[in-house]
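Trainee: Mind having a look at this structure? Questions to follow.
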Amino acid sequence: MRPIGLFGGTFDPIHLGHLRTAFELWQALKLTEVRFLPTGSPPHREPPLASAEQRLAMVRAAVKDEPAFVVDDREVRRSGFSYSVDTLTELRQEFPNRSLCLLLGMDAFIGLPNWHRWREIFDLAHVVVAHRPGWKAPTMGPLGEVMVDRGTGSVRDLHEQPAGRIYIHAGTQLEISSTDLRQLLVNGEDPRYLVPDEVRRIIAETGCYARRDHRS
Ligand code: ATP
């Protein structure tokens, strides 16, 4: 059975950098699906500008034309912080023998040692890392060490084992980030061609990134 890709994020908002990366990984790793998991309350960062419901609606709209992309709203429904290790533990119970691939951009991978119980993640899933402009793979420190122990260049390993390997993928690197998009939107600029048209429409209709007087 082919692996399931798990793509978590704040998605504040989802953009074409996320979608192209997910699509390339789906193809390159021969994943059965990519499951998008918008986070409820992210533990490692400022609260999102858009509400969890708005972010979820944008993710649903963004993936609706790609059958290989599915949305899993469990972290949005959960109260309190969303820890990846808890989500992966749940998914591992649902798919006891299946290969699970946690998909991360290089920036997120570099932050991994700050995640709650991060070493346990390798007992639950593989970690697949997509290059991102401006970020280099770690060669030292705790991540450098785990890469020596767990790194693989073989997609076959990701299919034959259920968890535990690290695979770095060099695909198209799009220099789009949600941070830059939020800034552009607060400035009243148009996000066209950086986000799917449906997402652009939701942003315009809800005004979820409009400048708020108390912030200016
Ligand atoms: P922010 O700028 O608000 O931190 P972001 O653009 O990094 O947002 P997130 O929702 O935080 O988006 O990221 C979800 C996942 O997608 C992370 O693993 C991140 O590394 C990855 N990711 C985000 N943008 C890109 C991109 N342009 N290319 C590849 N991976 C990306």
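Order determines the names: the first chain of the structure tokens is A, the second B, and so forth; residues in each chain are numbered 1 upward, and ligands are numbered 1 upward as they are shown.
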Produce as a PyMOL selection string the set of residues near ligand 1, where near means within 6 Å with only C-alpha atoms and all ligand atoms considered.
Mentor: chain A and resi 8-12+17-18+21+104-108+130+132+173-179
Trainee: Report the closest atom pair, with its distance in Å rounded to one decimal, for each residue of stretch 24-81 of chain A that has an atom no farther than 7 Å from stretch 193-215 of chain A; count only C-alpha atoms, sort by chain and then rising residue number, and write it as CSV.
Mentor:
```
residue,atom,partner,partner_atom,distance
A:Leu49,CA,A:Tyr209,CA,6.7
A:Ala50,CA,A:Cys208,CA,5.4
A:Met58,CA,A:Val199,CA,5.3
A:Ala61,CA,A:Glu198,CA,6.0
A:Ala62,CA,A:Pro196,CA,6.1
```
Trainee: Keeping C-alpha atoms for every residue in the selection just given, could you write it to a file as a compact mmCIF listing (two decimals), in the first residue's frame?
Mentor:
```
# COMPACT_ATOMS: atom_id res chain seq x y z
CA LEU A 49 -5.06 36.45 11.75
CA ALA A 50 -7.81 34.42 10.08
CA MET A 58 -9.69 28.40 2.38
CA ALA A 61 -11.58 25.64 -1.46
CA ALA A 62 -7.93 25.35 -2.51
```
Trainee: According to DSSP computed on the backbone, where in stretch 82-164 of chain A is there strand (DSSP E)? Give the residues as a ChimeraX atom specification.
Mentor: /A:100-105,126-130
Trainee: Could the residues in this selection be written to a file with N, CA, C and O atoms, as a PDB file, in the first residue's frame?
Mentor:
```
ATOM      1  N   LEU A 100       3.372   6.361   6.777  1.00  0.00           N
ATOM      2  CA  LEU A 100       2.892   7.743   6.926  1.00  0.00           C
ATOM      3  C   LEU A 100       4.073   8.674   6.696  1.00  0.00           C
ATOM      4  O   LEU A 100       5.143   8.473   7.281  1.00  0.00           O
ATOM      5  N   CYS A 101       3.882   9.679   5.845  1.00  0.00           N
ATOM      6  CA  CYS A 101       4.958  10.634   5.555  1.00  0.00           C
ATOM      7  C   CYS A 101       4.530  12.023   5.996  1.00  0.00           C
ATOM      8  O   CYS A 101       3.582  12.595   5.430  1.00  0.00           O
ATOM      9  N   LEU A 102       5.214  12.556   6.993  1.00  0.00           N
ATOM     10  CA  LEU A 102       4.963  13.933   7.431  1.00  0.00           C
ATOM     11  C   LEU A 102       5.719  14.859   6.490  1.00  0.00           C
ATOM     12  O   LEU A 102       6.943  14.777   6.381  1.00  0.00           O
ATOM     13  N   LEU A 103       5.009  15.722   5.782  1.00  0.00           N
ATOM     14  CA  LEU A 103       5.617  16.597   4.770  1.00  0.00           C
ATOM     15  C   LEU A 103       5.910  17.952   5.403  1.00  0.00           C
ATOM     16  O   LEU A 103       5.008  18.597   5.949  1.00  0.00           O
ATOM     17  N   LEU A 104       7.152  18.397   5.313  1.00  0.00           N
ATOM     18  CA  LEU A 104       7.555  19.672   5.927  1.00  0.00           C
ATOM     19  C   LEU A 104       8.391  20.483   4.945  1.00  0.00           C
ATOM     20  O   LEU A 104       9.192  19.916   4.199  1.00  0.00           O
ATOM     21  N   GLY A 105       8.252  21.801   5.003  1.00  0.00           N
ATOM     22  CA  GLY A 105       9.223  22.653   4.326  1.00  0.00           C
ATOM     23  C   GLY A 105      10.500  22.694   5.163  1.00  0.00           C
ATOM     24  O   GLY A 105      10.481  22.394   6.368  1.00  0.00           O
ATOM     25  N   HIS A 126       7.522   8.807   8.710  1.00  0.00           N
ATOM     26  CA  HIS A 126       8.718   9.323   8.049  1.00  0.00           C
ATOM     27  C   HIS A 126       8.611  10.847   8.037  1.00  0.00           C
ATOM     28  O   HIS A 126       7.510  11.404   8.143  1.00  0.00           O
ATOM     29  N   VAL A 127       9.734  11.507   7.856  1.00  0.00           N
ATOM     30  CA  VAL A 127       9.716  12.965   7.690  1.00  0.00           C
ATOM     31  C   VAL A 127      10.275  13.273   6.303  1.00  0.00           C
ATOM     32  O   VAL A 127      11.394  12.879   5.974  1.00  0.00           O
ATOM     33  N   VAL A 128       9.463  13.916   5.488  1.00  0.00           N
ATOM     34  CA  VAL A 128       9.862  14.274   4.120  1.00  0.00           C
ATOM     35  C   VAL A 128       9.980  15.790   4.075  1.00  0.00           C
ATOM     36  O   VAL A 128       9.056  16.508   4.465  1.00  0.00           O
ATOM     37  N   VAL A 129      11.128  16.272   3.615  1.00  0.00           N
ATOM     38  CA  VAL A 129      11.418  17.708   3.700  1.00  0.00           C
ATOM     39  C   VAL A 129      11.561  18.285   2.298  1.00  0.00           C
ATOM     40  O   VAL A 129      12.351  17.793   1.495  1.00  0.00           O
ATOM     41  N   ALA A 130      10.801  19.347   2.028  1.00  0.00           N
ATOM     42  CA  ALA A 130      10.906  20.042   0.737  1.00  0.00           C
ATOM     43  C   ALA A 130      11.805  21.256   0.909  1.00  0.00           C
ATOM     44  O   ALA A 130      11.645  22.025   1.865  1.00  0.00           O
TER      45      ALA A 130
END
```
Trainee: Just list the residues in chain A DSSP gives helix (DSSP H, G or I) on the backbone, as a ChimeraX atom specification.
Mentor: /A:16-28,52-63,74-77,84-94,106-110,112-114,118-124,141-150,155-160,178-186,197-206,213-215
Trainee: Measuring between only C-alpha atoms, which one of A:Ala163, A:Leu124, A:Leu56, A:Leu184 shows the shortest distance to A:Val85?
Mentor: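 Of A:Ala163, A:Leu124, A:Leu56, A:Leu184, the one nearest A:Val85 is A:Leu124, counting only C-alpha atoms.
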Trainee: Which of these residues is nearest to A:Thr172, using only C-alpha atoms: A:Arg117, A:Arg156, A:His131, A:Lys30?
Mentor: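 For A:Thr172, the nearest of the candidates is A:His131.
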Trainee: Counting only C-alpha atoms, figure out which residue out of A:Gln54, A:Ser79, A:Asn97, A:Thr32 gets nearest to A:Pro3.
Mentor: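 Comparing A:Gln54, A:Ser79, A:Asn97, A:Thr32 against A:Pro3, the winner is A:Thr32.
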Trainee: Residues near A:Val34, anyone? I mean within 6 Å using only C-alpha atoms, not counting same-chain ones fewer than 2 positions away, as an MDAnalysis selection string.
Mentor: chainID A and resid 5:6 69
Trainee: Could you write out the selected residues, including C-alpha atoms, as a tab-separated table (two decimals), in the first residue's frame?
Mentor:
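The result, stored in result_33.tsv:
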```
chain	number	residue	atom	x	y	z
A	5	GLY	CA	1.27	12.23	2.98
A	6	LEU	CA	0.40	14.46	5.94
A	69	PHE	CA	-5.79	16.15	-1.88
```
Trainee: Could you work out how far atom CA of A:Gly80 lies from atom CA of A:Pro43, giving the answer in Å with one decimal?
Mentor: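 Computed distance, atom CA of A:Pro43 to atom CA of A:Gly80, equals 9.1 Å.
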Trainee: Between A:Ala170, A:Ile121, A:Val76, A:Val71, which one has atoms that come closest to A:Pro133, using only C-alpha atoms?
Mentor: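 Closest candidate: A:Ala170.
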